[in-house]
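Structure file entry37.cif (mmCIF, C-alpha atoms) is printed below.
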data_input
#
loop_
_atom_site.label_atom_id
_atom_site.label_comp_id
_atom_site.auth_asym_id
_atom_site.auth_seq_id
_atom_site.Cartn_x
_atom_site.Cartn_y
_atom_site.Cartn_z
CA MET P 17 7.74 12.89 23.94
CA SER P 18 8.10 14.71 20.63
CA LYS P 19 5.28 14.55 18.11
CA THR P 20 6.68 12.70 15.12
CA ILE P 21 4.83 11.98 11.89
CA PHE P 22 5.92 9.27 9.47
CA ILE P 23 4.96 9.71 5.81
CA LEU P 24 5.16 6.40 3.95
CA GLY P 25 5.31 6.08 0.17
CA ALA P 26 5.95 3.03 -1.99
CA GLY P 27 9.63 3.06 -0.96
CA ALA P 28 8.56 2.07 2.56
CA SER P 29 7.24 -1.22 1.16
CA ARG P 30 10.25 -1.85 -1.09
CA ASP P 31 12.61 -3.71 1.25
CA LEU P 32 10.84 -6.94 2.17
CA GLU P 33 12.32 -9.70 4.28
CA PHE P 34 10.11 -12.41 5.70
CA LYS P 35 9.92 -16.07 6.70
CA PHE P 36 7.74 -18.96 5.55
CA THR P 37 6.82 -21.85 7.81
CA THR P 38 5.28 -24.88 6.09
CA ILE P 39 4.05 -28.08 7.70
CA ASP P 40 4.33 -31.44 5.94
CA ALA P 41 0.87 -33.04 5.67
CA TYR P 42 2.21 -36.56 6.44
CA SER P 43 4.96 -36.06 9.01
CA SER P 44 3.62 -32.80 10.53
CA GLU P 45 7.20 -31.57 10.43
CA ALA P 46 7.54 -27.77 10.23
CA THR P 47 10.09 -26.18 7.90
CA THR P 48 11.00 -22.49 8.01
CA SER P 49 12.60 -20.75 5.04
CA HIS P 50 13.89 -17.22 4.64
CA CYS P 51 12.72 -14.99 1.77
CA GLN P 52 13.88 -11.58 0.58
CA GLY P 53 12.32 -9.53 -2.17
CA GLU P 54 11.42 -6.08 -3.39
CA GLY P 55 7.89 -4.71 -3.16
CA PRO P 56 6.56 -3.29 -6.44
CA LEU P 57 7.08 0.35 -7.39
CA SER P 58 5.01 2.27 -9.91
CA LEU P 59 7.76 1.98 -12.53
CA GLY P 60 8.29 -1.70 -13.26
CA PHE P 61 5.23 -2.80 -11.27
CA PHE P 62 4.51 -5.78 -13.54
CA TYR P 63 8.10 -7.08 -13.30
CA ASP P 64 8.43 -6.49 -9.54
CA THR P 65 5.13 -8.20 -8.78
CA ASN P 66 5.85 -11.17 -11.04
CA LEU P 67 9.31 -11.68 -9.50
CA LEU P 68 8.04 -11.47 -5.91
CA ILE P 69 5.13 -13.85 -6.53
CA ASN P 70 7.53 -16.34 -8.14
CA LYS P 71 9.65 -16.19 -4.97
CA ILE P 72 6.56 -16.75 -2.83
CA ASN P 73 5.51 -19.72 -4.95
CA ARG P 74 8.86 -21.42 -4.40
CA ASN P 75 8.03 -21.56 -0.70
CA ILE P 76 4.42 -22.80 -0.67
CA SER P 77 2.81 -26.06 -1.73
CA ILE P 78 -0.22 -24.53 -3.50
CA PRO P 79 1.11 -21.87 -5.90
CA VAL P 80 -0.48 -18.45 -6.16
CA SER P 81 -1.99 -17.56 -9.52
CA LEU P 82 -2.32 -13.92 -10.59
CA PHE P 83 -4.56 -13.84 -13.66
CA ILE P 84 -3.97 -11.03 -16.18
CA PRO P 85 -6.72 -10.89 -18.84
CA GLN P 86 -5.66 -10.89 -22.48
CA ARG P 87 -7.28 -7.53 -23.23
CA LEU P 88 -5.25 -5.91 -20.42
CA GLN P 89 -2.05 -7.51 -21.70
CA GLU P 90 -2.76 -6.15 -25.20
CA TYR P 91 -3.52 -2.67 -23.88
CA VAL P 92 -0.28 -2.55 -21.87
CA CYS P 93 1.73 -3.59 -24.95
CA GLU P 94 -0.06 -0.99 -27.06
CA TYR P 95 0.63 1.68 -24.42
CA TYR P 96 4.32 0.69 -24.36
CA GLN P 97 4.58 0.84 -28.15
CA ASN P 98 2.91 4.27 -28.33
CA LYS P 99 5.31 5.57 -25.69
CA THR P 100 8.59 4.06 -26.95
CA ARG P 101 7.83 3.48 -30.66
CA HIS P 102 8.99 -0.11 -30.22
CA PRO P 103 6.84 -3.27 -30.24
CA VAL P 104 6.92 -5.50 -27.19
CA THR P 105 5.41 -8.71 -25.87
CA PHE P 106 3.71 -8.83 -22.49
CA GLU P 107 6.00 -11.68 -21.50
CA LYS P 108 8.95 -9.30 -21.85
CA ILE P 109 7.21 -6.66 -19.72
CA LEU P 110 6.70 -9.31 -17.05
CA ASN P 111 10.21 -10.74 -17.14
CA ASP P 112 12.60 -7.99 -18.26
CA LYS P 113 13.27 -5.32 -15.65
CA ALA P 114 14.49 -2.57 -18.00
CA THR P 115 11.51 -3.05 -20.30
CA SER P 116 9.00 -3.11 -17.45
CA GLN P 117 10.43 0.09 -15.94
CA LYS P 118 9.29 1.98 -19.03
CA VAL P 119 5.70 1.42 -17.91
CA SER P 120 4.40 3.33 -14.88
CA ILE P 121 1.24 1.77 -13.49
CA GLU P 122 0.07 5.23 -12.37
CA ASP P 123 0.57 6.70 -15.85
CA LEU P 124 -1.15 3.65 -17.33
CA CYS P 125 -4.19 4.24 -15.10
CA ILE P 126 -4.25 7.92 -16.09
CA ASP P 127 -4.07 6.98 -19.77
CA ILE P 128 -7.12 4.73 -19.33
CA GLU P 129 -8.94 7.48 -17.37
CA ASN P 130 -8.25 9.98 -20.15
CA LYS P 131 -9.66 7.62 -22.77
CA GLU P 132 -12.69 6.95 -20.59
CA ASN P 133 -13.32 10.69 -20.17
CA SER P 134 -12.90 11.39 -23.89
CA PHE P 135 -16.09 9.54 -24.79
CA GLU P 136 -19.20 11.63 -25.29
CA LYS P 137 -21.93 10.92 -22.78
CA GLU P 138 -24.69 9.04 -24.55
CA ASP P 139 -27.51 6.78 -23.44
CA LYS P 140 -26.07 3.81 -25.26
CA ILE P 141 -22.59 2.55 -24.40
CA THR P 142 -20.44 1.95 -27.47
CA HIS P 143 -18.18 -1.05 -28.02
CA ASP P 144 -15.06 1.10 -27.47
CA GLU P 145 -16.44 2.48 -24.20
CA ALA P 146 -17.27 -1.00 -22.94
CA LYS P 147 -13.78 -2.20 -23.85
CA ILE P 148 -12.02 0.65 -22.01
CA PHE P 149 -14.27 0.23 -18.99
CA GLY P 150 -13.44 -3.50 -18.95
CA ILE P 151 -9.70 -2.82 -19.19
CA LYS P 152 -9.94 -0.35 -16.32
CA MET P 153 -11.71 -2.97 -14.19
CA ASP P 154 -9.06 -5.54 -15.15
CA LEU P 155 -6.22 -3.22 -14.09
CA ASP P 156 -7.92 -2.27 -10.80
CA SER P 157 -8.45 -5.96 -10.03
CA TYR P 158 -4.85 -6.87 -10.95
CA TYR P 159 -3.45 -4.08 -8.76
CA HIS P 160 -5.65 -4.99 -5.78
CA THR P 161 -4.89 -8.70 -6.09
CA SER P 162 -1.14 -8.06 -6.39
CA ILE P 163 -1.04 -6.06 -3.15
CA SER P 164 -3.34 -8.55 -1.39
CA ILE P 165 -1.17 -11.54 -2.30
CA ILE P 166 1.95 -9.80 -0.97
CA CYS P 167 0.20 -8.93 2.31
CA ASN P 168 -1.21 -12.45 2.58
CA PHE P 169 2.26 -14.01 2.76
CA CYS P 170 4.72 -11.27 3.74
CA PHE P 171 4.99 -10.70 7.48
CA SER P 172 7.65 -8.06 7.01
CA ILE P 173 10.54 -8.05 9.48
CA TYR P 174 11.25 -4.36 8.89
CA HIS P 175 7.63 -3.26 9.29
CA ALA P 176 7.58 -5.22 12.55
CA LYS P 177 10.59 -3.19 13.73
CA LEU P 178 8.87 0.10 12.83
CA ALA P 179 5.67 -1.09 14.53
CA GLN P 180 7.55 -1.93 17.72
CA TYR P 181 9.25 1.45 17.65
CA LEU P 182 5.90 3.25 17.22
CA SER P 183 4.43 1.23 20.05
CA ASP P 184 7.37 2.04 22.36
CA CYS P 185 8.13 5.64 21.38
CA GLY P 186 4.93 7.00 19.87
CA GLY P 187 4.21 8.70 16.57
CA ASN P 188 1.50 8.70 13.92
CA VAL P 189 1.68 7.57 10.31
CA ILE P 190 0.38 8.95 7.02
CA SER P 191 0.59 6.12 4.52
CA PHE P 192 -0.11 6.40 0.79
CA ASN P 193 0.20 2.63 0.43
CA TRP P 194 -2.70 0.22 0.02
CA ASP P 195 -0.82 -2.59 1.69
CA ILE P 196 -1.33 -3.55 5.34
CA LEU P 197 2.27 -4.60 6.05
CA LEU P 198 2.67 -2.00 8.79
CA ASP P 199 -0.98 -2.23 9.88
CA GLU P 200 -0.72 -5.96 10.53
CA ALA P 201 2.59 -5.54 12.33
CA MET P 202 0.99 -2.85 14.52
CA TYR P 203 -1.96 -5.16 15.23
CA HIS P 204 0.45 -7.84 16.45
CA THR P 205 1.93 -5.45 19.02
CA LYS P 206 -1.59 -5.58 20.59
CA ASP P 207 -1.32 -1.81 21.18
CA TRP P 208 -3.17 -0.99 17.95
CA ASP P 209 -6.43 -2.24 16.48
CA TYR P 210 -7.84 -2.09 12.94
CA SER P 211 -11.19 -0.84 14.27
CA THR P 212 -9.79 2.33 15.90
CA GLY P 213 -6.35 2.88 14.39
CA TYR P 214 -7.40 4.42 11.07
CA ASP P 215 -9.64 7.24 12.41
CA ILE P 216 -12.39 5.98 10.09
CA ASP P 217 -15.95 5.39 11.27
CA PHE P 218 -16.49 1.82 10.07
CA LYS P 219 -20.14 0.79 10.15
CA LYS P 220 -19.31 -2.88 10.20
CA LEU P 221 -16.38 -5.04 11.32
CA ILE P 222 -16.10 -8.32 9.43
CA TYR P 223 -13.67 -11.12 10.23
CA LYS P 224 -12.27 -13.45 7.57
CA ASP P 225 -11.87 -16.02 10.37
CA GLY P 226 -15.59 -16.04 11.18
CA ASP P 227 -17.34 -14.22 14.00
CA THR P 228 -14.34 -12.93 15.95
CA PRO P 229 -10.79 -11.72 15.27
CA TYR P 230 -8.02 -14.30 15.60
CA PHE P 231 -6.75 -12.57 18.71
CA LYS P 232 -7.95 -9.63 20.72
CA THR P 233 -6.34 -6.30 21.49
CA ASN P 234 -7.82 -3.91 24.03
CA GLY P 235 -9.64 -2.26 21.10
CA THR P 236 -7.87 1.08 21.43
CA SER P 237 -4.99 2.50 19.40
CA ALA P 238 -2.28 4.75 20.78
CA ASN P 239 -1.07 5.48 17.22
CA LEU P 240 -2.94 6.40 14.06
CA ILE P 241 -2.29 5.11 10.55
CA LEU P 242 -3.98 7.63 8.26
CA LYS P 243 -4.42 6.30 4.71
CA PRO P 244 -5.83 8.95 2.33
CA HIS P 245 -5.75 6.57 -0.66
CA GLY P 246 -7.51 3.83 1.27
CA SER P 247 -6.42 0.33 2.19
CA ILE P 248 -7.00 -3.18 0.86
CA ASN P 249 -9.01 -4.04 3.98
CA TRP P 250 -11.46 -1.12 3.57
CA TYR P 251 -14.71 -1.89 1.75
CA LYS P 252 -17.97 -0.25 0.75
CA ASN P 253 -21.35 -1.93 0.90
CA ASN P 254 -22.70 -2.23 -2.63
CA GLU P 255 -26.06 -0.93 -1.44
CA LYS P 256 -24.94 1.94 0.83
CA GLU P 257 -22.30 4.65 0.93
CA GLU P 258 -20.65 3.51 4.15
CA TYR P 259 -17.36 1.85 4.98
CA SER P 260 -16.77 -1.58 6.44
CA LEU P 261 -13.54 -3.13 7.67
CA PHE P 262 -12.37 -6.67 6.98
CA TYR P 263 -9.94 -8.23 9.45
CA PRO P 264 -7.49 -10.44 7.50
CA LEU P 265 -7.40 -14.19 8.01
CA SER P 266 -5.21 -15.47 10.85
CA ARG P 267 -1.67 -16.15 9.68
CA ASN P 268 -1.73 -19.91 10.23
CA MET P 269 -4.80 -20.22 7.97
CA ARG P 270 -3.39 -18.47 4.90
CA GLY P 271 -2.37 -20.22 1.70
CA GLY P 272 -2.38 -20.04 -2.08
CA SER P 273 -6.15 -20.11 -2.47
CA PRO P 274 -7.71 -16.72 -3.38
CA THR P 275 -10.25 -17.21 -0.58
CA THR P 276 -7.51 -16.70 2.02
CA TYR P 277 -6.57 -13.16 1.01
CA LEU P 278 -8.52 -9.92 0.77
CA ARG P 279 -10.21 -9.84 -2.63
CA LYS P 280 -11.50 -6.85 -4.56
CA THR P 281 -15.04 -8.03 -3.81
CA GLU P 282 -15.75 -9.70 -0.48
CA CYS P 283 -18.75 -11.34 1.16
CA ASP P 284 -19.79 -11.66 4.81
CA ASN P 285 -21.49 -14.61 6.51
CA ASN P 286 -24.92 -13.23 5.58
CA SER P 287 -24.09 -13.10 1.85
CA ASN P 288 -23.80 -9.31 1.81
CA TYR P 289 -21.31 -8.18 -0.82
CA TYR P 290 -18.71 -5.44 -0.43
CA SER P 291 -16.41 -3.79 -2.96
CA SER P 292 -12.96 -2.38 -2.29
CA ALA P 293 -12.89 1.23 -1.08
CA ALA P 294 -9.20 1.68 -1.92
CA LEU P 295 -8.57 4.37 -4.54
CA PRO P 296 -6.75 3.00 -7.60
CA PRO P 297 -3.69 4.79 -9.00
CA GLY P 298 -4.57 7.78 -11.17
CA LYS P 299 -5.59 11.40 -11.06
CA HIS P 300 -8.86 11.30 -9.13
CA ARG P 301 -7.59 10.28 -5.71
CA ASP P 302 -9.10 12.90 -3.42
CA ALA P 303 -11.54 11.12 -1.11
CA PHE P 304 -12.15 10.52 2.64
CA PRO P 305 -12.67 14.23 3.54
CA ASN P 306 -12.75 13.64 7.32
CA LEU P 307 -9.44 11.84 7.06
CA TRP P 308 -7.86 14.86 5.37
CA VAL P 309 -9.04 17.04 8.26
CA LYS P 310 -7.23 14.71 10.68
CA ILE P 311 -4.10 14.71 8.50
CA LYS P 312 -4.01 18.52 8.57
CA GLU P 313 -4.45 18.59 12.34
CA THR P 314 -1.78 15.92 12.87
CA MET P 315 0.79 17.54 10.57
CA GLU P 316 0.33 21.01 12.02
CA GLU P 317 1.03 19.62 15.51
CA ALA P 318 4.17 17.75 14.43
CA ASN P 319 7.65 18.65 15.64
CA SER P 320 9.32 16.32 13.16
CA VAL P 321 8.40 14.43 9.99
CA VAL P 322 10.17 11.28 8.80
CA VAL P 323 9.52 10.76 5.08
CA ILE P 324 10.15 7.24 3.79
CA GLY P 325 10.03 6.61 0.06
CA PHE P 326 7.57 9.40 -0.82
CA HIS P 327 8.41 11.84 -3.61
CA PHE P 328 5.45 14.17 -4.23
CA LYS P 329 5.07 13.04 -7.84
CA GLU P 330 2.63 14.66 -10.28
CA THR P 331 0.01 12.10 -9.31
CA ASP P 332 0.30 13.39 -5.72
CA ASP P 333 -0.68 16.91 -6.80
CA HIS P 334 -3.84 16.82 -4.66
CA PHE P 335 -1.72 16.27 -1.53
CA PHE P 336 0.69 19.05 -2.51
CA LYS P 337 -2.22 21.49 -2.92
CA LYS P 338 -3.56 20.60 0.50
CA ILE P 339 -0.23 20.59 2.31
CA SER P 340 0.68 24.01 0.86
CA GLN P 341 -2.17 25.43 2.98
CA TYR P 342 -1.00 23.84 6.23
CA LYS P 343 0.63 25.95 8.96
CA PHE P 344 3.63 23.98 10.14
CA LYS P 345 5.65 24.73 13.24
CA LYS P 346 8.55 27.09 12.49
CA ASP P 347 11.18 24.71 13.88
CA ILE P 348 9.78 21.56 12.24
CA LYS P 349 12.44 18.98 11.33
CA ILE P 350 12.20 16.91 8.13
CA GLN P 351 14.16 13.65 7.86
CA LEU P 352 14.42 11.75 4.58
CA VAL P 353 14.84 8.02 4.01
CA ASP P 354 15.22 7.49 0.28
CA PRO P 355 17.86 6.49 -2.29
CA ARG P 356 17.08 9.78 -4.06
CA ALA P 357 17.12 11.85 -0.86
CA LYS P 358 19.83 14.27 -2.02
CA GLU P 359 17.81 15.46 -5.00
CA LEU P 360 14.64 15.64 -2.90
CA VAL P 361 16.04 18.00 -0.24
CA PRO P 362 15.21 21.26 -2.14
CA ARG P 363 11.67 20.01 -2.76
CA TYR P 364 11.04 19.34 0.93
CA LYS P 365 12.60 22.66 1.96
CA GLU P 366 10.08 24.38 -0.30
CA ILE P 367 7.05 22.32 0.80
CA PHE P 368 7.65 22.70 4.54
CA ASP P 369 9.17 26.18 4.33
CA THR P 370 12.21 25.18 6.36
CA ASN P 371 15.95 24.64 5.97
CA ASN P 372 15.83 21.98 8.68
CA VAL P 373 15.91 19.02 6.26
CA GLU P 374 18.35 16.16 6.75
CA ILE P 375 19.11 12.88 5.03
CA LEU P 376 18.98 9.82 7.28
CA PHE P 377 19.33 6.67 5.19
CA ALA P 378 18.99 5.44 1.63
CA ASN P 379 16.49 2.71 2.39
CA PHE P 380 13.82 1.47 4.78
CA LYS P 381 15.88 -1.52 5.95
CA GLU P 382 18.76 0.65 7.22
CA TYR P 383 16.37 3.01 8.96
CA CYS P 384 14.47 0.22 10.75
CA GLU P 385 17.71 -1.35 11.96
CA TYR P 386 18.81 2.06 13.22
CA ILE P 387 15.67 2.86 15.24
CA MET P 388 15.81 -0.48 17.01
CA LYS P 389 19.27 0.19 18.44
CA ASP P 390 19.03 0.58 22.20
CA ASN P 391 21.17 3.71 22.29
CA PHE P 392 18.90 5.45 19.76
CA VAL P 393 15.71 4.71 21.70
CA GLU P 394 17.31 5.70 25.04
CA ASN P 395 18.73 8.98 23.73
CA ARG P 396 15.74 10.05 21.67
#

Hey, can you dump this file as structure tokens for me?
Amino acid sequence: MSKTIFILGAGASRDLEFKFTTIDAYSSEATTSHCQGEGPLSLGFFYDTNLLINKINRNISIPVSLFIPQRLQEYVCEYYQNKTRHPVTFEKILNDKATSQKVSIEDLCIDIENKENSFEKEDKITHDEAKIFGIKMDLDSYYHTSISIICNFCFSIYHAKLAQYLSDCGGNVISFNWDILLDEAMYHTKDWDYSTGYDIDFKKLIYKDGDTPYFKTNGTSANLILKPHGSINWYKNNEKEEYSLFYPLSRNMRGGSPTTYLRKTECDNNSNYYSSAALPPGKHRDAFPNLWVKIKETMEEANSVVVIGFHFKETDDHFFKKISQYKFKKDIKIQLVDPRAKELVPRYKEIFDTNNVEILFANFKEYCEYIMKDNFVENR
């Protein structure tokens, strides 16, 4: 079996198709509805998230609420005006696609970081420093909650197809996404477990359901999902520098209440508090050193790399610097799944030092339907 690596960027969480099953409280009658949507990208994140949550709310009895503090709304509008020289309301950023796509959530985070770093270090925190720090916390919380809400409700059909393929045919994954759409789909194959599938030494396993996971795997993982930017289910103990893992709530227990999804701050049954270990968008995203060692080892052993929706943007400069030092196999094959694949080919030829770069499909949906065809799996 060939050693294939899958690199997943935001484009791998763009095509979402999932089903909702609701049960009437009086008649106990179950109703299943079909939902399609687009996962948020960096450009237009506010619009994409708002649209997808509105679609989710049309299918559940208790609507989801995603609170956006006023000071964050004002900062986003100010950022937009400084960039475009045009005033804007936050309502328009939320509801107008073209307007929202002029705001990159990664660039917004970097802008806040730059302001935070521009302050002189003094014993006493000024009003402006406190305000920027508060806005940064607001944006981190909004981003985490957005991804958590999507994962709470979206049991992605296409990620399930990729998970089944990985389980049947092998392969490891390097994901730059916080979401656990693929992770949960892999868990439901029962061939992969959260506790072993990330190659992270978690000091504590905590279950949203209580004392045990909602179903058991054999505890081992044939595939790895390596996540150098972290994951919404990774947490740090507020007292110690060690990582803990939260298993998400069982699917039949989830709903619109914030207690059902993975929050930025979580608590175990003993009232110990944990904060998210996921790295927010921005410049300073180089963490998890042992994970980077495993990524290097995995990529240098690979015969082929399937890249889905990952572009090596400026904010991924840390990855580019690392990968430029890797020693890839001379005959390594790079396959691209991306609507912009044609313009990305020269970039990937340069990065992997190979001419063996081919375009597969324009989107994740087409690719997942392709890999599940019997003739593809048999002739691989």

Show me, as a list in words, the residues that have an atom within 7 Å of P:Ala318 when counting all atoms listed in the file, minus same-chain residues fewer than 6 positions from it.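 Residues near the query, excluding close chain neighbours: Lys19, Thr20 and Ile21 of chain P.
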
Between atom CA of P:Leu32 and atom CA of P:Trp308 - distance in Å to one decimal: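 About the pair atom CA of P:Trp308 and atom CA of P:Leu32: they are 28.9 Å apart.
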
Which protein, DNA or RNA residues have an atom at most 6 Å from (-7.9, -7.3, -5.0), counting only C-alpha atoms? List them as a PyMOL selection string. chain P and resi 157+160-161+164+279-280

Reference answer for the PyMOL selection byres ((chain P and resi 287-291) around 9), as a PDB file with C-alpha atoms, in the frame of the given file:
ATOM      1  CA  TRP P 250     -11.460  -1.120   3.570  1.00  0.00           C
ATOM      2  CA  TYR P 251     -14.710  -1.890   1.750  1.00  0.00           C
ATOM      3  CA  LYS P 252     -17.970  -0.250   0.750  1.00  0.00           C
ATOM      4  CA  ASN P 253     -21.350  -1.930   0.900  1.00  0.00           C
ATOM      5  CA  ASN P 254     -22.700  -2.230  -2.630  1.00  0.00           C
ATOM      6  CA  GLU P 255     -26.060  -0.930  -1.440  1.00  0.00           C
ATOM      7  CA  SER P 260     -16.770  -1.580   6.440  1.00  0.00           C
ATOM      8  CA  ARG P 279     -10.210  -9.840  -2.630  1.00  0.00           C
ATOM      9  CA  LYS P 280     -11.500  -6.850  -4.560  1.00  0.00           C
ATOM     10  CA  THR P 281     -15.040  -8.030  -3.810  1.00  0.00           C
ATOM     11  CA  GLU P 282     -15.750  -9.700  -0.480  1.00  0.00           C
ATOM     12  CA  CYS P 283     -18.750 -11.340   1.160  1.00  0.00           C
ATOM     13  CA  ASP P 284     -19.790 -11.660   4.810  1.00  0.00           C
ATOM     14  CA  ASN P 285     -21.490 -14.610   6.510  1.00  0.00           C
ATOM     15  CA  ASN P 286     -24.920 -13.230   5.580  1.00  0.00           C
ATOM     16  CA  SER P 292     -12.960  -2.380  -2.290  1.00  0.00           C
ATOM     17  CA  ALA P 293     -12.890   1.230  -1.080  1.00  0.00           C
TER      18      ALA P 293
END

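For the atom pair formed by atom CA of P:Ala378 and atom CA of P:Pro362, the distance is 16.7 Å, given to one decimal.
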
Residue among P:Lys243, P:Lys35, P:Lys99, P:Arg356 lying closest to P:Ile76, counting only C-alpha atoms: P:Lys35

I'd like the contact shell of P:Asp154 - 12 Å cut-off, all atoms listed in the file, skipping same-chain residues fewer than 6 positions apart - returned as a list in words.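 Here the answer would be Leu82, Phe83, Ile84, Pro85, Gln86, Arg87, Leu88, Gln89, Glu90, Tyr91, Val92, Cys125, Ile128, Lys147, Ile148, His160, Thr161, Lys280 and Pro296 of chain P.
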
Which polymer residues have any atom within 9 Å of an atom of P:Ala179, counting only C-alpha atoms, with same-chain residues fewer than 3 positions away left out, as a list in words?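 My reading of the contact set: Tyr174, His175, Ala176, Leu182, Ser183, Asp184, Leu198, Asp199, Glu200, Ala201, Met202, Tyr203, His204 and Thr205 of chain P.
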